[in-house]
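Data file: run35.cif. Format and content: mmCIF, C-alpha atoms.
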data_final
loop_
_atom_site.group_PDB
_atom_site.id
_atom_site.type_symbol
_atom_site.label_atom_id
_atom_site.label_comp_id
_atom_site.auth_asym_id
_atom_site.auth_seq_id
_atom_site.Cartn_x
_atom_site.Cartn_y
_atom_site.Cartn_z
ATOM 1 C CA MET A 1 44.298 57.202 -34.810
ATOM 2 C CA THR A 2 45.795 56.761 -38.223
ATOM 3 C CA THR A 3 43.027 57.217 -40.703
ATOM 4 C CA GLY A 4 45.697 57.800 -43.253
ATOM 5 C CA ASN A 5 44.998 59.841 -46.295
ATOM 6 C CA GLU A 6 41.239 59.682 -46.150
ATOM 7 C CA PRO A 7 39.231 62.814 -46.741
ATOM 8 C CA GLY A 8 38.102 64.397 -43.499
ATOM 9 C CA ARG A 9 41.670 63.987 -42.423
ATOM 10 C CA ARG A 10 42.388 65.097 -38.905
ATOM 11 C CA THR A 11 44.686 67.820 -37.713
ATOM 12 C CA ALA A 12 47.515 66.483 -35.594
ATOM 13 C CA ARG A 13 49.965 68.223 -33.319
ATOM 14 C CA ASP A 14 52.910 67.156 -31.213
ATOM 15 C CA LEU A 15 52.521 67.426 -27.465
ATOM 16 C CA ARG A 16 54.844 69.762 -25.578
ATOM 17 C CA PRO A 17 57.186 68.204 -22.961
ATOM 18 C CA ASP A 18 55.002 69.498 -20.098
ATOM 19 C CA GLU A 19 51.910 67.976 -21.731
ATOM 20 C CA ILE A 20 53.713 64.642 -22.107
ATOM 21 C CA ALA A 21 54.765 64.693 -18.431
ATOM 22 C CA ASN A 22 51.205 65.508 -17.398
ATOM 23 C CA PHE A 23 49.840 62.727 -19.626
ATOM 24 C CA LEU A 24 52.239 60.153 -18.135
ATOM 25 C CA GLU A 25 51.183 61.203 -14.647
ATOM 26 C CA ARG A 26 47.452 61.016 -15.316
ATOM 27 C CA HIS A 27 47.417 57.585 -16.997
ATOM 28 C CA HIS A 28 48.397 54.218 -15.613
ATOM 29 C CA TRP A 29 48.382 51.634 -18.358
ATOM 30 C CA GLY A 30 49.704 51.228 -21.872
ATOM 31 C CA ILE A 31 50.736 48.668 -24.437
ATOM 32 C CA LEU A 32 54.243 47.266 -24.070
ATOM 33 C CA ALA A 33 55.640 46.175 -27.444
ATOM 34 C CA THR A 34 58.552 43.754 -27.520
ATOM 35 C CA SER A 35 60.209 42.007 -30.427
ATOM 36 C CA LEU A 36 61.972 38.730 -31.055
ATOM 37 C CA HIS A 37 63.657 38.200 -34.424
ATOM 38 C CA ASP A 38 61.640 41.183 -35.677
ATOM 39 C CA GLN A 39 58.291 39.586 -34.782
ATOM 40 C CA PRO A 40 56.568 42.143 -32.524
ATOM 41 C CA TYR A 41 54.568 41.007 -29.497
ATOM 42 C CA ALA A 42 52.626 43.581 -27.484
ATOM 43 C CA VAL A 43 50.423 43.364 -24.395
ATOM 44 C CA PRO A 44 48.775 45.770 -21.945
ATOM 45 C CA VAL A 45 50.647 46.563 -18.741
ATOM 46 C CA VAL A 46 50.050 48.932 -15.861
ATOM 47 C CA TYR A 47 52.916 51.289 -15.192
ATOM 48 C CA GLY A 48 54.289 53.650 -12.645
ATOM 49 C CA TRP A 49 56.172 56.797 -13.620
ATOM 50 C CA ASP A 50 58.587 58.597 -11.335
ATOM 51 C CA GLY A 51 59.282 61.505 -13.675
ATOM 52 C CA GLN A 52 62.250 59.758 -15.263
ATOM 53 C CA SER A 53 61.607 56.051 -15.784
ATOM 54 C CA LEU A 54 58.574 53.815 -16.176
ATOM 55 C CA TYR A 55 58.155 50.720 -14.011
ATOM 56 C CA PHE A 56 56.085 47.587 -14.440
ATOM 57 C CA ALA A 57 55.752 44.192 -12.796
ATOM 58 C CA SER A 58 56.000 41.220 -15.081
ATOM 59 C CA ALA A 59 54.316 37.880 -14.636
ATOM 60 C CA PRO A 60 56.056 34.869 -16.210
ATOM 61 C CA GLY A 61 55.119 34.392 -19.852
ATOM 62 C CA ARG A 62 56.014 35.181 -23.427
ATOM 63 C CA LYS A 63 56.648 38.895 -22.802
ATOM 64 C CA ALA A 64 59.111 38.211 -19.980
ATOM 65 C CA GLU A 65 60.833 35.503 -22.041
ATOM 66 C CA ILE A 66 61.295 37.866 -24.982
ATOM 67 C CA LEU A 67 62.588 40.649 -22.722
ATOM 68 C CA ARG A 68 65.267 38.319 -21.358
ATOM 69 C CA VAL A 69 66.557 37.981 -24.945
ATOM 70 C CA ASN A 70 65.821 41.461 -26.328
ATOM 71 C CA PRO A 71 65.331 44.283 -23.817
ATOM 72 C CA ARG A 72 64.280 46.853 -26.444
ATOM 73 C CA VAL A 73 60.692 48.055 -26.065
ATOM 74 C CA CYS A 74 58.162 50.565 -27.246
ATOM 75 C CA PHE A 75 55.564 51.647 -24.700
ATOM 76 C CA THR A 76 52.446 53.271 -26.124
ATOM 77 C CA ILE A 77 49.883 54.939 -23.891
ATOM 78 C CA PRO A 78 46.618 55.604 -25.737
ATOM 79 C CA ASP A 79 43.847 57.941 -24.684
ATOM 80 C CA VAL A 80 40.981 57.308 -27.055
ATOM 81 C CA HIS A 81 37.428 58.244 -26.135
ATOM 82 C CA ASP A 82 35.944 58.233 -29.594
ATOM 83 C CA ALA A 83 38.384 57.281 -32.329
ATOM 84 C CA SER A 84 36.327 59.008 -34.999
ATOM 85 C CA LYS A 85 36.633 62.326 -33.161
ATOM 86 C CA GLY A 86 40.191 62.340 -31.916
ATOM 87 C CA TRP A 87 42.709 60.806 -29.612
ATOM 88 C CA THR A 88 45.961 61.488 -27.795
ATOM 89 C CA SER A 89 48.877 59.113 -27.352
ATOM 90 C CA VAL A 90 52.375 59.066 -25.959
ATOM 91 C CA VAL A 91 54.988 56.741 -27.445
ATOM 92 C CA VAL A 92 58.133 55.874 -25.488
ATOM 93 C CA THR A 93 61.015 53.888 -26.913
ATOM 94 C CA GLY A 94 63.906 52.512 -24.913
ATOM 95 C CA ARG A 95 65.030 49.357 -23.248
ATOM 96 C CA ILE A 96 64.216 47.659 -20.009
ATOM 97 C CA GLU A 97 66.442 46.642 -17.179
ATOM 98 C CA TRP A 98 65.339 44.300 -14.448
ATOM 99 C CA VAL A 99 65.228 45.593 -10.908
ATOM 100 C CA GLU A 100 67.013 42.882 -8.964
ATOM 101 C CA ASP A 101 67.439 44.258 -5.457
ATOM 102 C CA VAL A 102 64.589 44.120 -2.936
ATOM 103 C CA ALA A 103 64.880 47.812 -2.003
ATOM 104 C CA GLY A 104 64.591 48.762 -5.676
ATOM 105 C CA LYS A 105 61.571 46.485 -6.106
ATOM 106 C CA LEU A 106 59.874 47.985 -3.073
ATOM 107 C CA ALA A 107 60.481 51.490 -4.436
ATOM 108 C CA ALA A 108 59.086 50.458 -7.834
ATOM 109 C CA PHE A 109 55.965 48.926 -6.275
ATOM 110 C CA ASN A 110 55.421 52.104 -4.287
ATOM 111 C CA ILE A 111 55.599 54.120 -7.524
ATOM 112 C CA LEU A 112 53.130 51.700 -9.139
ATOM 113 C CA ARG A 113 50.817 51.829 -6.154
ATOM 114 C CA LYS A 114 50.787 55.612 -6.207
ATOM 115 C CA GLN A 115 49.899 55.644 -9.897
ATOM 116 C CA VAL A 116 47.413 52.830 -10.165
ATOM 117 C CA PRO A 117 44.138 53.410 -8.320
ATOM 118 C CA GLY A 118 43.193 50.525 -6.062
ATOM 119 C CA SER A 119 46.408 48.564 -6.511
ATOM 120 C CA PRO A 120 47.284 46.243 -3.651
ATOM 121 C CA ARG A 121 49.954 46.941 -1.090
ATOM 122 C CA LEU A 122 52.974 44.681 -1.357
ATOM 123 C CA SER A 123 54.357 44.079 2.076
ATOM 124 C CA ASP A 124 55.336 40.417 2.025
ATOM 125 C CA ALA A 125 59.131 40.328 1.753
ATOM 126 C CA ALA A 126 59.247 36.812 0.306
ATOM 127 C CA ARG A 127 56.767 37.711 -2.431
ATOM 128 C CA LEU A 128 58.659 40.898 -3.111
ATOM 129 C CA ALA A 129 61.883 38.933 -3.522
ATOM 130 C CA ARG A 130 60.215 36.661 -6.093
ATOM 131 C CA ALA A 131 58.511 39.458 -8.042
ATOM 132 C CA SER A 132 59.869 40.424 -11.470
ATOM 133 C CA VAL A 133 60.021 44.180 -11.812
ATOM 134 C CA ALA A 134 61.410 46.110 -14.756
ATOM 135 C CA ARG A 135 62.372 49.719 -15.362
ATOM 136 C CA ILE A 136 62.030 51.222 -18.832
ATOM 137 C CA LEU A 137 65.016 53.444 -19.557
ATOM 138 C CA VAL A 138 63.472 56.083 -21.772
ATOM 139 C CA GLU A 139 65.392 56.956 -24.933
ATOM 140 C CA THR A 140 62.752 58.831 -26.921
ATOM 141 C CA VAL A 141 59.333 60.086 -25.960
ATOM 142 C CA THR A 142 56.830 61.719 -28.272
ATOM 143 C CA GLY A 143 53.208 62.679 -27.866
ATOM 144 C CA ARG A 144 50.538 63.364 -30.389
ATOM 145 C CA ALA A 145 47.052 64.837 -30.252
ATOM 146 C CA VAL A 146 44.765 64.306 -33.189
ATOM 147 C CA GLY A 147 41.414 66.031 -33.581
ATOM 148 C CA SER A 148 38.871 65.941 -36.336
ATOM 149 C CA MET B 1 46.921 44.287 -17.120
ATOM 150 C CA THR B 2 50.068 42.590 -15.951
ATOM 151 C CA THR B 3 50.402 43.263 -12.305
ATOM 152 C CA GLY B 4 52.760 40.358 -12.205
ATOM 153 C CA ASN B 5 53.305 38.451 -9.070
ATOM 154 C CA GLU B 6 51.851 40.968 -6.704
ATOM 155 C CA PRO B 7 49.509 39.837 -3.990
ATOM 156 C CA GLY B 8 45.882 40.368 -4.892
ATOM 157 C CA ARG B 9 46.759 38.750 -8.167
ATOM 158 C CA ARG B 10 43.932 38.599 -10.651
ATOM 159 C CA THR B 11 42.283 35.584 -12.147
ATOM 160 C CA ALA B 12 42.782 35.377 -15.883
ATOM 161 C CA ARG B 13 41.099 33.283 -18.535
ATOM 162 C CA ASP B 14 41.500 32.841 -22.261
ATOM 163 C CA LEU B 15 38.646 34.033 -24.441
ATOM 164 C CA ARG B 16 36.801 31.504 -26.570
ATOM 165 C CA PRO B 17 36.926 31.926 -30.379
ATOM 166 C CA ASP B 18 33.363 33.287 -30.453
ATOM 167 C CA GLU B 19 34.230 35.810 -27.742
ATOM 168 C CA ILE B 20 37.289 36.917 -29.713
ATOM 169 C CA ALA B 21 35.195 37.359 -32.883
ATOM 170 C CA ASN B 22 32.631 39.350 -30.945
ATOM 171 C CA PHE B 23 35.356 41.497 -29.385
ATOM 172 C CA LEU B 24 36.911 42.264 -32.786
ATOM 173 C CA GLU B 25 33.493 43.279 -34.106
ATOM 174 C CA ARG B 26 32.646 45.560 -31.192
ATOM 175 C CA HIS B 27 35.922 47.496 -31.098
ATOM 176 C CA HIS B 28 37.504 49.700 -33.710
ATOM 177 C CA TRP B 29 40.975 50.685 -32.632
ATOM 178 C CA GLY B 30 44.102 49.038 -31.321
ATOM 179 C CA ILE B 31 47.856 49.415 -31.070
ATOM 180 C CA LEU B 32 49.832 48.287 -34.102
ATOM 181 C CA ALA B 33 53.320 47.142 -33.113
ATOM 182 C CA THR B 34 56.025 46.994 -35.762
ATOM 183 C CA SER B 35 59.726 46.277 -35.448
ATOM 184 C CA LEU B 36 62.899 47.302 -37.235
ATOM 185 C CA HIS B 37 66.160 45.586 -36.260
ATOM 186 C CA ASP B 38 64.337 44.356 -33.148
ATOM 187 C CA GLN B 39 63.456 47.875 -31.977
ATOM 188 C CA PRO B 40 59.665 47.849 -31.562
ATOM 189 C CA TYR B 41 57.589 50.854 -32.599
ATOM 190 C CA ALA B 42 53.855 50.881 -31.854
ATOM 191 C CA VAL B 43 51.075 53.394 -32.519
ATOM 192 C CA PRO B 44 47.263 53.484 -32.320
ATOM 193 C CA VAL B 45 45.318 52.722 -35.490
ATOM 194 C CA VAL B 46 41.644 52.321 -36.293
ATOM 195 C CA TYR B 47 40.809 49.028 -37.943
ATOM 196 C CA GLY B 48 38.116 47.279 -39.867
ATOM 197 C CA TRP B 49 37.501 43.545 -39.505
ATOM 198 C CA ASP B 50 35.747 41.438 -42.110
ATOM 199 C CA GLY B 51 35.737 38.215 -40.122
ATOM 200 C CA GLN B 52 39.046 37.080 -41.576
ATOM 201 C CA SER B 53 41.509 39.963 -41.933
ATOM 202 C CA LEU B 54 42.013 43.354 -40.314
ATOM 203 C CA TYR B 55 42.377 46.488 -42.451
ATOM 204 C CA PHE B 56 43.851 49.890 -41.723
ATOM 205 C CA ALA B 57 44.775 53.008 -43.658
ATOM 206 C CA SER B 58 48.296 54.251 -43.206
ATOM 207 C CA ALA B 59 49.480 57.834 -43.411
ATOM 208 C CA PRO B 60 53.104 58.365 -44.444
ATOM 209 C CA GLY B 61 55.492 58.175 -41.510
ATOM 210 C CA ARG B 62 57.732 55.945 -39.473
ATOM 211 C CA LYS B 63 55.206 53.100 -39.172
ATOM 212 C CA ALA B 64 54.684 52.903 -42.933
ATOM 213 C CA GLU B 65 58.442 53.077 -43.542
ATOM 214 C CA ILE B 66 59.083 50.198 -41.133
ATOM 215 C CA LEU B 67 56.297 48.113 -42.668
ATOM 216 C CA ARG B 68 57.883 48.488 -46.113
ATOM 217 C CA VAL B 69 61.001 46.810 -44.666
ATOM 218 C CA ASN B 70 59.434 44.379 -42.171
ATOM 219 C CA PRO B 71 55.770 43.464 -42.652
ATOM 220 C CA ARG B 72 55.525 41.512 -39.384
ATOM 221 C CA VAL B 73 53.129 43.031 -36.852
ATOM 222 C CA CYS B 74 51.373 42.496 -33.579
ATOM 223 C CA PHE B 75 47.986 44.163 -33.202
ATOM 224 C CA THR B 76 46.717 44.548 -29.653
ATOM 225 C CA ILE B 77 43.174 45.681 -28.919
ATOM 226 C CA PRO B 78 42.749 46.715 -25.292
ATOM 227 C CA ASP B 79 39.493 47.140 -23.404
ATOM 228 C CA VAL B 80 40.389 48.672 -20.084
ATOM 229 C CA HIS B 81 37.819 50.533 -18.032
ATOM 230 C CA ASP B 82 39.593 50.413 -14.726
ATOM 231 C CA ALA B 83 42.971 48.708 -14.809
ATOM 232 C CA SER B 84 42.865 47.967 -11.094
ATOM 233 C CA LYS B 85 39.631 45.979 -11.501
ATOM 234 C CA GLY B 86 40.156 44.101 -14.736
ATOM 235 C CA TRP B 87 40.562 44.306 -18.462
ATOM 236 C CA THR B 88 40.148 42.322 -21.647
ATOM 237 C CA SER B 89 42.461 42.297 -24.642
ATOM 238 C CA VAL B 90 42.905 40.533 -27.935
ATOM 239 C CA VAL B 91 46.373 40.060 -29.412
ATOM 240 C CA VAL B 92 46.805 39.298 -33.105
ATOM 241 C CA THR B 93 50.127 38.434 -34.708
ATOM 242 C CA GLY B 94 50.764 38.193 -38.415
ATOM 243 C CA ARG B 95 52.079 40.235 -41.275
ATOM 244 C CA ILE B 96 50.645 42.955 -43.420
ATOM 245 C CA GLU B 97 50.258 43.135 -47.132
ATOM 246 C CA TRP B 98 49.484 46.353 -48.963
ATOM 247 C CA VAL B 99 46.241 46.590 -50.869
ATOM 248 C CA GLU B 100 47.334 47.984 -54.208
ATOM 249 C CA ASP B 101 44.254 47.830 -56.437
ATOM 250 C CA VAL B 102 41.570 50.507 -56.244
ATOM 251 C CA ALA B 103 38.708 47.996 -55.941
ATOM 252 C CA GLY B 104 40.460 46.377 -52.983
ATOM 253 C CA LYS B 105 41.042 49.771 -51.360
ATOM 254 C CA LEU B 106 37.399 50.713 -51.791
ATOM 255 C CA ALA B 107 36.317 47.428 -50.205
ATOM 256 C CA ALA B 108 38.731 48.005 -47.301
ATOM 257 C CA PHE B 109 37.456 51.544 -46.724
ATOM 258 C CA ASN B 110 33.903 50.246 -46.713
ATOM 259 C CA ILE B 111 34.868 47.713 -44.047
ATOM 260 C CA LEU B 112 36.537 50.494 -42.047
ATOM 261 C CA ARG B 113 33.567 52.783 -42.452
ATOM 262 C CA LYS B 114 31.202 50.100 -41.232
ATOM 263 C CA GLN B 115 33.323 49.490 -38.148
ATOM 264 C CA VAL B 116 34.334 52.995 -37.152
ATOM 265 C CA PRO B 117 31.475 55.207 -36.005
ATOM 266 C CA GLY B 118 31.418 58.552 -37.792
ATOM 267 C CA SER B 119 34.189 57.786 -40.262
ATOM 268 C CA PRO B 120 34.056 59.725 -43.524
ATOM 269 C CA ARG B 121 32.915 58.296 -46.813
ATOM 270 C CA LEU B 122 35.681 57.923 -49.377
ATOM 271 C CA SER B 123 34.282 58.530 -52.821
ATOM 272 C CA ASP B 124 37.022 60.503 -54.576
ATOM 273 C CA ALA B 125 38.750 58.062 -56.965
ATOM 274 C CA ALA B 126 41.983 60.055 -57.144
ATOM 275 C CA ARG B 127 42.285 60.164 -53.342
ATOM 276 C CA LEU B 128 41.453 56.501 -53.155
ATOM 277 C CA ALA B 129 44.210 55.709 -55.651
ATOM 278 C CA ARG B 130 46.734 57.591 -53.488
ATOM 279 C CA ALA B 131 45.624 56.086 -50.172
ATOM 280 C CA SER B 132 47.826 53.496 -48.489
ATOM 281 C CA VAL B 133 45.747 50.618 -47.187
ATOM 282 C CA ALA B 134 47.040 47.464 -45.545
ATOM 283 C CA ARG B 135 45.534 44.117 -44.667
ATOM 284 C CA ILE B 136 46.770 42.183 -41.636
ATOM 285 C CA LEU B 137 47.002 38.496 -42.489
ATOM 286 C CA VAL B 138 46.229 36.913 -39.136
ATOM 287 C CA GLU B 139 48.523 34.092 -38.036
ATOM 288 C CA THR B 140 47.676 33.830 -34.351
ATOM 289 C CA VAL B 141 44.921 35.398 -32.298
ATOM 290 C CA THR B 142 44.478 35.127 -28.564
ATOM 291 C CA GLY B 143 42.197 36.844 -26.105
ATOM 292 C CA ARG B 144 42.446 37.296 -22.394
ATOM 293 C CA ALA B 145 40.091 38.501 -19.708
ATOM 294 C CA VAL B 146 41.497 39.417 -16.335
ATOM 295 C CA GLY B 147 39.377 40.213 -13.315
ATOM 296 C CA SER B 148 40.286 41.006 -9.755
#

Could you write out this file's structure as structure tokens?
Amino acid sequence: MTTGNEPGRRTARDLRPDEIANFLERHHWGILATSLHDQPYAVPVVYGWDGQSLYFASAPGRKAEILRVNPRVCFTIPDVHDASKGWTSVVVTGRIEWVEDVAGKLAAFNILRKQVPGSPRLSDAARLARASVARILVETVTGRAVGS
Amino acid sequence: MTTGNEPGRRTARDLRPDEIANFLERHHWGILATSLHDQPYAVPVVYGWDGQSLYFASAPGRKAEILRVNPRVCFTIPDVHDASKGWTSVVVTGRIEWVEDVAGKLAAFNILRKQVPGSPRLSDAARLARASVARILVETVTGRAVGS
């Protein structure tokens, strides 16, 4: 958590690649930030991670509309128990591409289902065909742990 | 959490203004999304809320550099206990302005200190003068509760 240049400033360290991979495996939601004409817009999404890309399903709405115009995203996964004591976060930047084929969607939903506890099984082919599924192509990934 | 058009889709409702105000009072951190040339960049920050604006302290770094160029932000406060069951979030859009005067910084730190449990007291005038503090001028605020 950025408490800036206050006294009592926290020590911060960058996560190692293996810690980042472990973090992405253990979590299942984050904040997806999009931007249109440099106005950011960010909402929570659940994700699946296959070790290379992140996947999410997108309902119709402002986020999906923006992503059709500007596919660039930042995906921030916070782990904050007590912000005054410390926190860990992973920040991914990249761009999304839509998964258009049904086999790709099914694979993405299986990745999501594996990651997200209690998520429903998607077996209806017609629903699957209508679903909007995106893959985040990761360009940069950083992780930070801050303790007091 | 956006689980999109999966089966088992959740019911969602917009929060009322009083629920949003209560939510902003009860929480103390969120994800601040910025954007430079339509590439979003978003990190966790602790905030203080005085009923009208949000305040945060900013350490030097990429976020602060972007905000000097583009003050437009989206601030997303998530409350997710179990993403498969439901979640609540408040999304604020607006722009930041830097608090430059020492009296304004002191007031902002007092708001932060009131909101964030265990945050340190800032009494050193020289440190206060050096601190970077920003106010988010709220343009839109929406809240959403999603349950399974």

Hand me chain A as it sits after a least-squares fit onto chain B over every Cα, paired in order, written as a tab-separated table (two decimals) with C-alpha atoms, in the frame of the given file.
chain	number	residue	atom	x	y	z
A	1	MET	CA	46.94	44.26	-17.13
A	2	THR	CA	50.09	42.57	-15.98
A	3	THR	CA	50.41	43.23	-12.31
A	4	GLY	CA	52.77	40.34	-12.20
A	5	ASN	CA	53.26	38.40	-9.06
A	6	GLU	CA	51.82	40.94	-6.68
A	7	PRO	CA	49.47	39.81	-3.96
A	8	GLY	CA	45.85	40.40	-4.90
A	9	ARG	CA	46.75	38.76	-8.15
A	10	ARG	CA	43.96	38.61	-10.66
A	11	THR	CA	42.31	35.58	-12.16
A	12	ALA	CA	42.81	35.39	-15.90
A	13	ARG	CA	41.12	33.31	-18.55
A	14	ASP	CA	41.51	32.84	-22.27
A	15	LEU	CA	38.67	34.06	-24.45
A	16	ARG	CA	36.80	31.51	-26.56
A	17	PRO	CA	36.93	31.93	-30.38
A	18	ASP	CA	33.35	33.28	-30.44
A	19	GLU	CA	34.23	35.82	-27.73
A	20	ILE	CA	37.29	36.93	-29.72
A	21	ALA	CA	35.18	37.36	-32.88
A	22	ASN	CA	32.61	39.35	-30.93
A	23	PHE	CA	35.35	41.50	-29.37
A	24	LEU	CA	36.90	42.27	-32.78
A	25	GLU	CA	33.48	43.27	-34.10
A	26	ARG	CA	32.63	45.56	-31.20
A	27	HIS	CA	35.92	47.50	-31.10
A	28	HIS	CA	37.50	49.69	-33.73
A	29	TRP	CA	40.97	50.69	-32.67
A	30	GLY	CA	44.10	49.05	-31.32
A	31	ILE	CA	47.84	49.42	-31.07
A	32	LEU	CA	49.82	48.31	-34.11
A	33	ALA	CA	53.32	47.15	-33.11
A	34	THR	CA	56.02	47.00	-35.77
A	35	SER	CA	59.71	46.29	-35.46
A	36	LEU	CA	62.89	47.31	-37.24
A	37	HIS	CA	66.13	45.58	-36.26
A	38	ASP	CA	64.31	44.35	-33.14
A	39	GLN	CA	63.44	47.88	-31.99
A	40	PRO	CA	59.64	47.86	-31.56
A	41	TYR	CA	57.56	50.87	-32.61
A	42	ALA	CA	53.84	50.89	-31.86
A	43	VAL	CA	51.06	53.40	-32.53
A	44	PRO	CA	47.25	53.49	-32.33
A	45	VAL	CA	45.31	52.73	-35.50
A	46	VAL	CA	41.65	52.31	-36.30
A	47	TYR	CA	40.80	49.03	-37.95
A	48	GLY	CA	38.11	47.27	-39.86
A	49	TRP	CA	37.49	43.55	-39.50
A	50	ASP	CA	35.74	41.44	-42.11
A	51	GLY	CA	35.74	38.22	-40.10
A	52	GLN	CA	39.05	37.09	-41.57
A	53	SER	CA	41.50	39.96	-41.93
A	54	LEU	CA	42.02	43.35	-40.32
A	55	TYR	CA	42.37	46.48	-42.45
A	56	PHE	CA	43.85	49.88	-41.73
A	57	ALA	CA	44.77	53.01	-43.66
A	58	SER	CA	48.29	54.25	-43.21
A	59	ALA	CA	49.46	57.83	-43.40
A	60	PRO	CA	53.09	58.37	-44.44
A	61	GLY	CA	55.49	58.18	-41.51
A	62	ARG	CA	57.73	55.95	-39.46
A	63	LYS	CA	55.20	53.11	-39.16
A	64	ALA	CA	54.68	52.90	-42.93
A	65	GLU	CA	58.44	53.10	-43.53
A	66	ILE	CA	59.09	50.22	-41.13
A	67	LEU	CA	56.30	48.12	-42.67
A	68	ARG	CA	57.89	48.50	-46.10
A	69	VAL	CA	61.01	46.81	-44.66
A	70	ASN	CA	59.45	44.39	-42.16
A	71	PRO	CA	55.78	43.47	-42.65
A	72	ARG	CA	55.52	41.50	-39.39
A	73	VAL	CA	53.13	43.04	-36.86
A	74	CYS	CA	51.37	42.50	-33.59
A	75	PHE	CA	47.97	44.17	-33.22
A	76	THR	CA	46.71	44.55	-29.67
A	77	ILE	CA	43.17	45.68	-28.93
A	78	PRO	CA	42.74	46.71	-25.29
A	79	ASP	CA	39.49	47.14	-23.42
A	80	VAL	CA	40.39	48.67	-20.09
A	81	HIS	CA	37.82	50.55	-18.03
A	82	ASP	CA	39.59	50.43	-14.71
A	83	ALA	CA	42.96	48.71	-14.80
A	84	SER	CA	42.88	47.97	-11.09
A	85	LYS	CA	39.65	45.99	-11.51
A	86	GLY	CA	40.17	44.11	-14.73
A	87	TRP	CA	40.55	44.31	-18.45
A	88	THR	CA	40.14	42.32	-21.65
A	89	SER	CA	42.47	42.30	-24.64
A	90	VAL	CA	42.90	40.54	-27.94
A	91	VAL	CA	46.37	40.07	-29.42
A	92	VAL	CA	46.81	39.30	-33.12
A	93	THR	CA	50.13	38.44	-34.71
A	94	GLY	CA	50.76	38.20	-38.42
A	95	ARG	CA	52.07	40.24	-41.27
A	96	ILE	CA	50.66	42.96	-43.43
A	97	GLU	CA	50.25	43.14	-47.14
A	98	TRP	CA	49.48	46.34	-48.96
A	99	VAL	CA	46.24	46.59	-50.87
A	100	GLU	CA	47.33	47.98	-54.21
A	101	ASP	CA	44.26	47.81	-56.44
A	102	VAL	CA	41.57	50.49	-56.26
A	103	ALA	CA	38.71	47.98	-55.95
A	104	GLY	CA	40.47	46.35	-52.99
A	105	LYS	CA	41.05	49.75	-51.37
A	106	LEU	CA	37.41	50.70	-51.81
A	107	ALA	CA	36.33	47.41	-50.22
A	108	ALA	CA	38.74	47.98	-47.31
A	109	PHE	CA	37.47	51.52	-46.73
A	110	ASN	CA	33.91	50.23	-46.73
A	111	ILE	CA	34.87	47.69	-44.05
A	112	LEU	CA	36.55	50.47	-42.05
A	113	ARG	CA	33.58	52.77	-42.46
A	114	LYS	CA	31.20	50.09	-41.24
A	115	GLN	CA	33.32	49.49	-38.15
A	116	VAL	CA	34.34	52.98	-37.16
A	117	PRO	CA	31.48	55.21	-36.03
A	118	GLY	CA	31.43	58.55	-37.80
A	119	SER	CA	34.20	57.77	-40.26
A	120	PRO	CA	34.09	59.74	-43.49
A	121	ARG	CA	32.94	58.34	-46.80
A	122	LEU	CA	35.71	57.95	-49.34
A	123	SER	CA	34.31	58.55	-52.77
A	124	ASP	CA	37.04	60.51	-54.52
A	125	ALA	CA	38.73	58.09	-56.92
A	126	ALA	CA	41.98	60.06	-57.11
A	127	ARG	CA	42.30	60.15	-53.32
A	128	LEU	CA	41.46	56.48	-53.15
A	129	ALA	CA	44.22	55.71	-55.65
A	130	ARG	CA	46.75	57.58	-53.50
A	131	ALA	CA	45.63	56.08	-50.18
A	132	SER	CA	47.84	53.48	-48.48
A	133	VAL	CA	45.75	50.61	-47.20
A	134	ALA	CA	47.04	47.45	-45.55
A	135	ARG	CA	45.52	44.10	-44.68
A	136	ILE	CA	46.77	42.18	-41.65
A	137	LEU	CA	46.99	38.49	-42.48
A	138	VAL	CA	46.22	36.91	-39.14
A	139	GLU	CA	48.52	34.10	-38.03
A	140	THR	CA	47.66	33.83	-34.34
A	141	VAL	CA	44.91	35.41	-32.31
A	142	THR	CA	44.47	35.12	-28.56
A	143	GLY	CA	42.21	36.86	-26.11
A	144	ARG	CA	42.45	37.29	-22.40
A	145	ALA	CA	40.09	38.50	-19.70
A	146	VAL	CA	41.53	39.42	-16.35
A	147	GLY	CA	39.41	40.20	-13.30
A	148	SER	CA	40.35	41.03	-9.76

Chain B contacts to chain A at 8 Å (all atoms listed in the file) as a PyMOL selection string: chain B and resi 1-8+28-29+31+33-46+56-60+70+72-76+78+83-85+89+91+93+116-122+127-128+130-132

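Using all atoms listed in the file, the protein and nucleic acid residues lying no more than 8 Å from segment 17-26 of chain B, apart from those fewer than 5 places from it along its own chain, are B:Trp49, B:Gly51, B:Val90, B:Gln115, B:Thr142, B:Gly143.
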
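If you look at atom CA of Thr140 of chain A and atom CA of Leu67 of chain B, they are 20.1 Å away from each other.
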
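One distance worth recording is that between atom CA of Ala145 of chain A and atom CA of Ala12 of chain A, which is 5.6 Å.
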
Selection dump of the PyMOL selection byres ((chain B and resi 99) around 6), as a ChimeraX atom specification: /B:98,100,133-134

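Residues lying within 6 Å of Val102 of chain B, counting only C-alpha atoms and ignoring same-chain neighbours fewer than 2 positions away, are B:Gly104, B:Lys105, B:Ala129.
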